[in-house]
$ cat run.txt   # compact mmCIF, C-alpha atoms and all ligand atoms
# COMPACT_ATOMS: atom_id res chain seq x y z
CA MET Z 177 33.22 -101.70 -15.25
CA ASN Z 178 36.95 -102.36 -15.64
CA PRO Z 179 37.40 -106.07 -16.56
CA CYS Z 180 40.28 -106.61 -14.14
CA TYR Z 181 38.17 -105.22 -11.30
CA THR Z 182 35.21 -107.37 -12.36
CA SER Z 183 37.42 -110.48 -12.36
CA ILE Z 184 38.56 -109.76 -8.82
CA LEU Z 185 34.98 -109.45 -7.61
CA ARG Z 186 33.66 -112.56 -9.32
CA LEU Z 187 36.60 -114.90 -8.66
CA ARG Z 188 35.34 -118.01 -6.87
CA ALA Z 189 36.80 -121.33 -5.76
CA ILE Z 190 35.73 -123.97 -8.30
CA ARG Z 191 35.86 -127.62 -7.28
CA GLU Z 192 34.74 -129.54 -10.36
CA PHE Z 193 36.64 -129.65 -13.61
CA GLU Z 194 36.45 -131.04 -17.12
CA ASP Z 195 38.29 -134.31 -17.63
CA ARG Z 196 40.96 -132.93 -19.96
CA PRO Z 197 44.55 -131.80 -19.48
CA ILE Z 198 45.51 -128.15 -19.30
CA ASP Z 199 46.86 -126.68 -22.53
CA SER Z 200 50.60 -126.25 -21.93
CA VAL Z 201 50.48 -122.67 -23.30
CA ASP Z 202 47.84 -121.77 -20.69
CA LEU Z 203 49.74 -123.52 -17.92
CA ASP Z 204 52.99 -121.77 -18.84
CA ALA Z 205 51.16 -118.42 -18.85
CA VAL Z 206 49.77 -119.08 -15.36
CA LEU Z 207 53.24 -120.01 -14.09
CA GLU Z 208 54.66 -116.86 -15.69
CA ALA Z 209 52.11 -114.78 -13.76
CA ALA Z 210 53.17 -116.62 -10.60
CA ARG Z 211 56.83 -115.86 -11.33
CA TRP Z 212 56.10 -112.13 -11.56
CA THR Z 213 54.36 -111.94 -8.18
CA GLY Z 214 55.91 -109.36 -5.90
CA SER Z 215 57.49 -110.63 -2.69
CA SER Z 216 58.97 -109.16 0.46
CA LYS Z 217 62.39 -107.70 -0.40
CA ASN Z 218 61.91 -109.35 -3.80
CA ARG Z 219 63.19 -112.58 -2.25
CA GLN Z 220 61.05 -114.80 -4.50
CA ASN Z 221 61.54 -117.53 -1.95
CA TRP Z 222 59.14 -119.93 -3.57
CA SER Z 223 58.98 -122.66 -6.14
CA PHE Z 224 56.10 -124.41 -7.86
CA ILE Z 225 55.52 -128.10 -8.37
CA VAL Z 226 52.96 -128.94 -11.04
CA VAL Z 227 51.40 -132.27 -10.10
CA ASP Z 228 49.54 -133.79 -13.03
CA ASP Z 229 50.41 -137.46 -12.66
CA SER Z 230 47.26 -139.20 -11.45
CA ARG Z 231 49.01 -141.40 -8.88
CA GLN Z 232 50.94 -138.45 -7.49
CA LYS Z 233 47.70 -136.41 -7.35
CA ASP Z 234 46.06 -139.27 -5.51
CA ARG Z 235 48.88 -139.33 -2.93
CA LEU Z 236 48.58 -135.56 -2.48
CA THR Z 237 44.89 -135.81 -1.66
CA LYS Z 238 45.86 -137.74 1.49
CA ALA Z 239 47.84 -134.76 2.83
CA GLY Z 240 44.81 -132.52 3.41
CA ASP Z 241 41.28 -132.77 4.78
CA PHE Z 242 39.35 -131.11 1.92
CA THR Z 243 41.28 -132.16 -1.14
CA THR Z 244 38.54 -133.47 -3.44
CA PRO Z 245 39.17 -130.60 -5.89
CA ILE Z 246 42.67 -132.00 -6.47
CA ALA Z 247 41.17 -135.37 -7.32
CA ASN Z 248 38.71 -133.65 -9.67
CA ALA Z 249 41.28 -131.42 -11.38
CA PRO Z 250 43.80 -132.39 -14.10
CA ALA Z 251 46.56 -130.69 -12.10
CA ALA Z 252 47.52 -129.03 -8.85
CA ILE Z 253 50.16 -126.37 -8.50
CA CYS Z 254 51.91 -126.89 -5.17
CA LEU Z 255 53.28 -123.70 -3.65
CA VAL Z 256 56.60 -124.43 -2.02
CA GLN Z 257 57.88 -122.00 0.61
CA GLU Z 258 61.67 -121.92 0.30
CA PRO Z 259 63.80 -121.06 3.36
CA ASP Z 260 63.06 -117.52 4.64
CA GLY Z 261 59.89 -117.34 2.57
CA TYR Z 262 56.88 -115.52 4.01
CA GLU Z 263 53.31 -116.80 4.13
CA PHE Z 264 52.09 -113.38 2.98
CA ASP Z 265 54.11 -113.86 -0.22
CA THR Z 266 52.58 -117.30 -0.71
CA GLY Z 267 49.15 -115.72 -0.42
CA ARG Z 268 49.95 -113.16 -3.08
CA LEU Z 269 51.28 -115.96 -5.27
CA ALA Z 270 48.09 -117.95 -4.87
CA GLN Z 271 45.89 -115.00 -5.79
CA ASN Z 272 47.99 -114.16 -8.86
CA ILE Z 273 47.76 -117.77 -10.02
CA MET Z 274 43.99 -117.77 -9.51
CA LEU Z 275 43.40 -114.47 -11.29
CA ALA Z 276 45.73 -115.33 -14.19
CA ALA Z 277 44.04 -118.70 -14.56
CA ASP Z 278 40.63 -117.04 -14.56
CA ALA Z 279 41.75 -114.60 -17.27
CA LEU Z 280 42.81 -117.58 -19.42
CA GLY Z 281 39.53 -119.47 -18.98
CA LEU Z 282 40.78 -121.80 -16.27
CA ALA Z 283 39.21 -122.39 -12.86
CA THR Z 284 40.99 -122.91 -9.56
CA CYS Z 285 40.53 -123.84 -5.92
CA PRO Z 286 43.03 -123.20 -3.13
CA ILE Z 287 43.77 -126.33 -1.12
CA THR Z 288 45.24 -126.66 2.36
CA LEU Z 289 47.67 -129.52 2.92
CA HIS Z 290 47.08 -129.89 6.65
CA ARG Z 291 49.65 -132.69 6.98
CA GLU Z 292 52.69 -130.77 5.86
CA ASP Z 293 55.19 -133.50 6.66
CA MET Z 294 53.28 -135.91 4.49
CA ALA Z 295 53.06 -133.32 1.69
CA ALA Z 296 56.82 -132.70 1.93
CA ASP Z 297 57.49 -136.42 1.69
CA ILE Z 298 55.14 -136.92 -1.27
CA LEU Z 299 56.65 -133.96 -3.10
CA GLY Z 300 60.25 -134.91 -2.27
CA LEU Z 301 61.02 -131.55 -0.66
CA PRO Z 302 64.53 -131.05 0.66
CA GLU Z 303 65.04 -130.01 4.30
CA GLY Z 304 63.85 -126.49 5.10
CA ARG Z 305 61.16 -126.35 2.40
CA ARG Z 306 57.48 -126.62 3.18
CA CYS Z 307 54.28 -126.85 1.22
CA ARG Z 308 51.07 -125.97 3.05
CA TYR Z 309 49.01 -124.87 0.04
CA ALA Z 310 48.26 -126.04 -3.47
CA ILE Z 311 45.99 -124.70 -6.20
CA ALA Z 312 43.77 -127.21 -7.98
CA ILE Z 313 43.48 -126.03 -11.57
CA GLY Z 314 41.64 -127.02 -14.71
CA TYR Z 315 38.79 -126.11 -17.03
CA ARG Z 316 35.58 -125.58 -15.11
CA SER Z 317 33.08 -128.38 -15.48
CA PRO Z 318 29.75 -127.15 -16.89
CA ALA Z 319 28.22 -129.38 -14.21
CA SER Z 320 29.89 -127.48 -11.39
CA GLY Z 321 27.24 -125.83 -9.31
CA PRO Z 322 27.14 -122.48 -7.57
CA ALA Z 323 29.83 -121.69 -4.96
CA ARG Z 324 29.51 -123.97 -1.92
CA PHE Z 325 29.98 -121.16 0.60
CA GLY Z 326 29.82 -117.88 -1.31
CA GLY Z 327 28.71 -114.51 -0.02
CA ARG Z 328 30.75 -111.98 1.90
CA LYS Z 329 30.36 -109.92 5.06
CA GLU Z 330 28.92 -106.45 4.65
CA ILE Z 331 31.45 -103.67 4.19
CA GLY Z 332 30.25 -102.04 7.40
CA GLU Z 333 31.35 -105.10 9.39
CA LEU Z 334 34.86 -104.89 8.02
CA VAL Z 335 36.10 -101.34 7.64
CA TYR Z 336 37.27 -99.00 10.38
CA HIS Z 337 38.87 -95.61 10.07
CA ASN Z 338 41.95 -94.62 11.99
CA ARG Z 339 41.24 -96.87 15.00
CA TYR Z 340 39.33 -100.08 15.62
CA ASP Z 341 37.60 -98.54 18.62
CA GLY Z 342 37.20 -95.10 17.01
C1 LIG Z 401 44.01 -120.30 2.54
C2 LIG Z 401 42.85 -121.02 1.91
C3 LIG Z 401 42.76 -122.40 2.03
C4 LIG Z 401 41.69 -123.09 1.45
N1 LIG Z 401 41.65 -124.45 1.53
C5 LIG Z 401 40.65 -125.12 0.91
C6 LIG Z 401 40.63 -126.55 0.92
O1 LIG Z 401 41.48 -127.21 1.51
N2 LIG Z 401 39.65 -127.17 0.23
C7 LIG Z 401 38.66 -126.48 -0.44
O2 LIG Z 401 37.79 -127.12 -1.04
N3 LIG Z 401 38.64 -125.12 -0.44
C8 LIG Z 401 39.61 -124.43 0.19
N4 LIG Z 401 39.65 -123.06 0.15
C9 LIG Z 401 38.61 -122.32 -0.59
C10 LIG Z 401 37.66 -121.58 0.37
O3 LIG Z 401 36.82 -122.52 1.02
C11 LIG Z 401 36.84 -120.55 -0.44
O4 LIG Z 401 37.69 -119.61 -1.02
C12 LIG Z 401 35.85 -119.83 0.46
O5 LIG Z 401 34.91 -120.73 1.00
C13 LIG Z 401 35.08 -118.74 -0.28
O6 LIG Z 401 34.48 -119.29 -1.43
P1 LIG Z 401 34.57 -118.51 -2.81
O7 LIG Z 401 36.03 -118.11 -2.96
O8 LIG Z 401 34.15 -119.51 -3.84
O9 LIG Z 401 33.65 -117.35 -2.71
C14 LIG Z 401 40.69 -122.37 0.73
C15 LIG Z 401 40.81 -120.97 0.62
C16 LIG Z 401 41.87 -120.31 1.18
C17 LIG Z 401 41.98 -118.81 1.01
$ encode --input "run.txt" --output "structure tokens"
Amino acid sequence: MNPCYTSILRLRAIREFEDRPIDSVDLDAVLEAARWTGSSKNRQNWSFIVVDDSRQKDRLTKAGDFTTPIANAPAAICLVQEPDGYEFDTGRLAQNIMLAADALGLATCPITLHREDMAADILGLPEGRRCRYAIAIGYRSPASGPARFGGRKEIGELVYHNRYDG
């Protein structure tokens, strides 16, 4: 099987990480993959804030409801939507970061920052920028168990041809 295809199928959200910082070469490579993500009209209306300071990480955990992976990870990459940015582009960005990280031996978990105003304040975002999502990133802890949710719907439940009611 093609390794890229295999990586797509086995990519999972990982929530426990080794207690060691991310090699800067690996982190730069992940950010480079993020930079090359395609966006609507090639607007690239995004920026990334790498949060690796423990106090700043701790503050960030308060901005969402399920943020333990940020506390567990050495870093979180906050995905900032610049003015006129699209959520679809942010989604592509997130997936590129996760797949690039996986290819480099890193593990990731997407995180929702439900309290966007708080996140904006913590991150010092200027007016007009928002950050709803972050990616917790680090080296997977050997102790991390199987995926908490896992599994997927059957293909027959998902795919239609030509019309939904066809
Ligand atoms: C948009 C989005 C937001 C998510 N937010 C969180 C989150 O806040 N905390 C968390 O632990 N996991 C979060 N996840 C991870 C999902 O729970 C996970 O991808 C899903 O349960 C499927 O698990 P798997 O990818 O390991 O198969 C998020 C995933 C997505 C796509």
$ residues_near_ligand --input "run.txt" --ligand "ligand LIG 401 (chain Z)" --cutoff "9 Å" --atoms "all atoms listed in the file" --output "ChimeraX atom specification"
/Z:186-191,240-246,267,270-271,285-290,309-311,322-328
$ atom_distance --input "run.txt" --atom1 "atom CA of Z:Asp265" --atom2 "atom CA of Z:Arg211"
11.6 Å
$ closest_residue --input "run.txt" --among "Z:Val227, Z:Leu203, Z:Met177, Z:Ala239" --to "Z:Gly281" --atoms "all atoms listed in the file"
Z:Leu203
$ closest_atom_pairs --input "run.txt" --of "stretch 205-259 of chain Z" --to "stretch 291-304 of chain Z" --cutoff "8 Å" --atoms "only C-alpha atoms" --output "Markdown table"
| residue | atom | partner | partner_atom | distance |
| --- | --- | --- | --- | --- |
| Z:Ile225 | CA | Z:Leu299 | CA | 8.0 |
| Z:Gln232 | CA | Z:Ile298 | CA | 7.7 |
| Z:Arg235 | CA | Z:Ile298 | CA | 6.9 |
| Z:Leu236 | CA | Z:Ala295 | CA | 6.5 |
| Z:Ala239 | CA | Z:Arg291 | CA | 5.0 |
| Z:Gly240 | CA | Z:Arg291 | CA | 6.0 |
| Z:Glu258 | CA | Z:Gly304 | CA | 7.0 |
| Z:Pro259 | CA | Z:Gly304 | CA | 5.7 |
$ residues_around --input "run.txt" --residues "stretch 248-253 of chain Z" --least-positions-apart "5" --cutoff "8 Å" --atoms "all atoms listed in the file" --output "list in words"
Arg191, Glu192, Phe193, Glu194, Asp195, Arg196, Pro197, Ile198, Phe224, Ile225, Val226, Val227, Asp228, Asp229, Lys233, Ala310, Ile311, Ala312, Ile313 and Gly314 of chain Z
$ closest_residue --input "run.txt" --among "Z:Leu269, Z:Val201, Z:Cys254, Z:Val206" --to "Z:Gln220" --atoms "all atoms listed in the file"
Z:Leu269
$ closest_residue --input "run.txt" --among "Z:Leu185, Z:Cys180, Z:Lys238, Z:Asp260" --to "Z:Arg219" --atoms "all atoms listed in the file"
Z:Asp260
$ atom_distance --input "run.txt" --atom1 "atom CA of Z:Gly214" --atom2 "atom CA of Z:Glu330"
29.1 Å
$ closest_residue --input "run.txt" --among "Z:Leu282, Z:Val335, Z:Cys307, Z:Ala205" --to "Z:Thr266" --atoms "all atoms listed in the file"
Z:Cys307
$ atom_distance --input "run.txt" --atom1 "atom CA of Z:Val256" --atom2 "atom CA of Z:Asp204"
17.4 Å
$ closest_residue --input "run.txt" --among "Z:Leu334, Z:Ser215, Z:Arg316, Z:Gly342" --to "Z:Asp278" --atoms "only C-alpha atoms"
Z:Arg316
$ closest_residue --input "run.txt" --among "Z:Thr237, Z:Ala283, Z:Tyr262, Z:Ser320" --to "Z:Asn218" --atoms "all atoms listed in the file"
Z:Tyr262
$ decode --input "run.txt" --residues "stretch 220-232 of chain Z" --atoms "N, CA, C and O atoms" --output "PDB file, in the first residue's frame"
ATOM      1  N   GLN Z 220      -3.978  32.591   1.856  1.00  0.00           N
ATOM      2  CA  GLN Z 220      -3.054  32.307   2.980  1.00  0.00           C
ATOM      3  C   GLN Z 220      -3.359  33.209   4.177  1.00  0.00           C
ATOM      4  O   GLN Z 220      -2.440  33.725   4.819  1.00  0.00           O
ATOM      5  N   ASN Z 221      -4.646  33.358   4.423  1.00  0.00           N
ATOM      6  CA  ASN Z 221      -5.047  34.265   5.509  1.00  0.00           C
ATOM      7  C   ASN Z 221      -5.007  33.563   6.859  1.00  0.00           C
ATOM      8  O   ASN Z 221      -6.033  33.342   7.508  1.00  0.00           O
ATOM      9  N   TRP Z 222      -3.816  33.192   7.239  1.00  0.00           N
ATOM     10  CA  TRP Z 222      -3.627  32.486   8.501  1.00  0.00           C
ATOM     11  C   TRP Z 222      -2.276  32.842   9.084  1.00  0.00           C
ATOM     12  O   TRP Z 222      -1.388  33.377   8.410  1.00  0.00           O
ATOM     13  N   SER Z 223      -2.111  32.611  10.328  1.00  0.00           N
ATOM     14  CA  SER Z 223      -0.781  32.642  10.947  1.00  0.00           C
ATOM     15  C   SER Z 223      -0.788  31.615  12.063  1.00  0.00           C
ATOM     16  O   SER Z 223      -1.847  31.103  12.444  1.00  0.00           O
ATOM     17  N   PHE Z 224       0.400  31.280  12.535  1.00  0.00           N
ATOM     18  CA  PHE Z 224       0.550  30.191  13.501  1.00  0.00           C
ATOM     19  C   PHE Z 224       1.272  30.727  14.737  1.00  0.00           C
ATOM     20  O   PHE Z 224       2.277  31.409  14.596  1.00  0.00           O
ATOM     21  N   ILE Z 225       0.745  30.404  15.884  1.00  0.00           N
ATOM     22  CA  ILE Z 225       1.444  30.773  17.123  1.00  0.00           C
ATOM     23  C   ILE Z 225       1.841  29.485  17.827  1.00  0.00           C
ATOM     24  O   ILE Z 225       0.978  28.678  18.208  1.00  0.00           O
ATOM     25  N   VAL Z 226       3.141  29.275  17.953  1.00  0.00           N
ATOM     26  CA  VAL Z 226       3.635  28.089  18.656  1.00  0.00           C
ATOM     27  C   VAL Z 226       3.699  28.422  20.143  1.00  0.00           C
ATOM     28  O   VAL Z 226       4.459  29.311  20.551  1.00  0.00           O
ATOM     29  N   VAL Z 227       2.892  27.747  20.917  1.00  0.00           N
ATOM     30  CA  VAL Z 227       2.879  27.987  22.367  1.00  0.00           C
ATOM     31  C   VAL Z 227       3.614  26.840  23.042  1.00  0.00           C
ATOM     32  O   VAL Z 227       3.137  25.694  23.040  1.00  0.00           O
ATOM     33  N   ASP Z 228       4.795  27.155  23.586  1.00  0.00           N
ATOM     34  CA  ASP Z 228       5.562  26.104  24.268  1.00  0.00           C
ATOM     35  C   ASP Z 228       5.985  26.534  25.669  1.00  0.00           C
ATOM     36  O   ASP Z 228       6.606  25.765  26.406  1.00  0.00           O
ATOM     37  N   ASP Z 229       5.635  27.748  26.048  1.00  0.00           N
ATOM     38  CA  ASP Z 229       5.882  28.210  27.409  1.00  0.00           C
ATOM     39  C   ASP Z 229       4.824  27.586  28.332  1.00  0.00           C
ATOM     40  O   ASP Z 229       3.625  27.654  28.023  1.00  0.00           O
ATOM     41  N   SER Z 230       5.270  26.981  29.429  1.00  0.00           N
ATOM     42  CA  SER Z 230       4.321  26.191  30.221  1.00  0.00           C
ATOM     43  C   SER Z 230       3.211  27.048  30.828  1.00  0.00           C
ATOM     44  O   SER Z 230       2.053  26.638  30.885  1.00  0.00           O
ATOM     45  N   ARG Z 231       3.538  28.286  31.236  1.00  0.00           N
ATOM     46  CA  ARG Z 231       2.483  29.130  31.809  1.00  0.00           C
ATOM     47  C   ARG Z 231       1.481  29.563  30.735  1.00  0.00           C
ATOM     48  O   ARG Z 231       0.280  29.617  30.967  1.00  0.00           O
ATOM     49  N   GLN Z 232       2.001  29.841  29.558  1.00  0.00           N
ATOM     50  CA  GLN Z 232       1.115  30.238  28.454  1.00  0.00           C
ATOM     51  C   GLN Z 232       0.236  29.046  28.016  1.00  0.00           C
ATOM     52  O   GLN Z 232      -0.942  29.207  27.716  1.00  0.00           O
TER      53      GLN Z 232
END
